[in-house]
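What follows is a short report on a single structure.
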Amino acid sequence: MSGTHWKTTPSLQVAVDGPSGSGKGTVAIAVGKELGLPVLDTGLLYRFAGWQMAQTNSESFDEQSVLKVLKNTLPHMQWRATGVFFKSKDCTSLLRGEDVGGLASQVAQFPNIRTILLDVQRDIASQGCVMDGRDIGTVVLPNAQAKFFLTASQRERARRRWSQLHIKDRELSIEQVAGELRERDERDMQRDCAPLERAKDAIHIDSTTMRVDEVVDRMLAVLERRDLIQPT
Ligand code: DC
């Protein structure tokens, strides 16, 4: 943001968790760009699984059926800082809708699905990254050198999601988005396995009234104070 160039500690891992609309994805991208680190959006992995289940047209699904589908499809998936590719085609934009978000939250409840995706996440993170999700600071990268937990008021989070989604769906109301977010938050916070929660050593930032650059500056200040990054 400042035009400063930074030297980062080798294999620096920055964990950014929070609910949908908290701004975690946007600030993760900005911090990654500032530090020259890959940014990994773990929600895309769960969205990929949810999207695959949507293709099966089944009314409801259990853990076994998701496992079966992932066994056949994961070998054809590549997850990168740039997005998700399936059979070499970029499918990231197909995964961004709120309907796929809801399916992602459903498959994310299953412990065995999380275990499979955990390995995928840890493998790629070992080189250093900014990783965003729900359980990065608590489960995926418990030893990350810096952890942030972002929140914002429900109304502000719904407004942010709505402004992203209504470009594609003009009929969508902010109340509808707020209802879907509430349902998803509840499921993500109440599941038994790796629920959405703040890691004890994560720094909480309420972004309700903050601009993106203000949040990013605060995060960079924490990293600098811990001597994890130095201006060059
Ligand atoms: O961040 P997102 O909205 O793209 O995530 C979609 C869903 O995936 C979210 O509602 C819960 C699940 N998820 C998860 O359980 N753990 C993560 N690390 C990331 C996402």
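Residue numbering restarts at 1 for every chain of the structure tokens, chains are lettered A, B, ... in their displayed order, and ligands are numbered from 1 as they appear.
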
Problem set entry | Nearby polymer residues, ligand 1, at most 9 Å, only C-alpha atoms and all ligand atoms, as a count of residues only | 46

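Residues in contact range of Thr4 (chain A), defined as at most 9 Å between only C-alpha atoms, with sequence neighbours fewer than 5 positions away removed, read Glu34, Pro231 and Thr232 of chain A.
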
Quick one: write out the picked residues with N, CA and C atoms as a CSV table (one decimal), in the first residue's frame?
```
chain,number,residue,atom,x,y,z
A,34,GLU,N,1.7,-7.2,-1.4
A,34,GLU,CA,2.6,-6.3,-0.8
A,34,GLU,C,3.9,-7.0,-0.4
A,231,PRO,N,11.5,-3.4,6.0
A,231,PRO,CA,11.5,-2.6,4.8
A,231,PRO,C,12.9,-2.6,4.2
A,232,THR,N,13.0,-2.6,2.9
A,232,THR,CA,14.4,-2.6,2.2
A,232,THR,C,14.5,-1.3,1.4
```

For this session: Can you list, as JSON, numbers by chain, all residues belonging to region 148-221 of chain A that DSSP tags as alpha helix (DSSP H)?
Result: {"A": [154, 155, 156, 157, 158, 159, 160, 161, 162, 163, 164, 165, 174, 175, 176, 177, 178, 179, 180, 181, 182, 183, 184, 185, 186, 187, 188, 189, 190, 212, 213, 214, 215, 216, 217, 218, 219, 220, 221]}

Dump C-alpha atoms for the selected residues as a short mmCIF file (atom, residue, chain, number, x, y, z; two decimals), in the first residue's frame?
```cif
data_model
loop_
_atom_site.label_atom_id
_atom_site.label_comp_id
_atom_site.auth_asym_id
_atom_site.auth_seq_id
_atom_site.Cartn_x
_atom_site.Cartn_y
_atom_site.Cartn_z
CA GLN A 154 -23.57 -8.70 10.13
CA ARG A 155 -25.12 -5.81 8.23
CA GLU A 156 -21.78 -4.69 6.78
CA ARG A 157 -20.82 -8.25 5.84
CA ALA A 158 -24.15 -8.75 4.05
CA ARG A 159 -23.69 -5.42 2.25
CA ARG A 160 -20.21 -6.45 1.05
CA ARG A 161 -21.36 -9.87 -0.18
CA TRP A 162 -24.40 -8.32 -1.85
CA SER A 163 -22.29 -5.78 -3.71
CA GLN A 164 -20.14 -8.66 -5.08
CA LEU A 165 -23.07 -10.90 -5.97
CA ILE A 174 -29.55 -7.59 0.67
CA GLU A 175 -31.99 -9.33 3.09
CA GLN A 176 -31.70 -12.55 1.10
CA VAL A 177 -27.89 -12.39 1.27
CA ALA A 178 -28.03 -11.58 5.00
CA GLY A 179 -30.24 -14.65 5.61
CA GLU A 180 -27.93 -16.98 3.68
CA LEU A 181 -24.86 -15.62 5.48
CA ARG A 182 -26.49 -16.11 8.87
CA GLU A 183 -27.31 -19.72 8.06
CA ARG A 184 -23.78 -20.38 6.78
CA ASP A 185 -22.09 -18.67 9.78
CA GLU A 186 -24.14 -20.72 12.20
CA ARG A 187 -23.22 -23.97 10.47
CA ASP A 188 -19.53 -23.00 10.22
CA MET A 189 -19.33 -21.98 13.89
CA GLN A 190 -21.31 -24.87 15.32
CA VAL A 212 -9.01 -2.15 3.11
CA ASP A 213 -5.72 -0.21 3.19
CA GLU A 214 -6.18 0.53 6.91
CA VAL A 215 -6.62 -3.16 7.71
CA VAL A 216 -3.62 -4.06 5.55
CA ASP A 217 -1.46 -1.40 7.22
CA ARG A 218 -2.38 -2.74 10.63
CA MET A 219 -1.46 -6.27 9.60
CA LEU A 220 1.87 -5.16 8.11
CA ALA A 221 2.63 -3.20 11.29
#
```

For this session: For Gly128 (chain A), please output as number ranges by chain all residues within 8 Å (counting only C-alpha atoms; exclusion window: fewer than 5 positions along the same chain).
Result: A: 10-13, 37-38

Exercise. CA of Leu94 (chain A) and CA of Gln55 (chain A) are how many Å apart?
Worked result: 12.1 Å

Seminar exercise, completed: Between A:Thr8, A:Ala81, A:Val222, A:Leu40, smallest distance to Val130 (chain A) by only C-alpha atoms belongs to A:Leu40
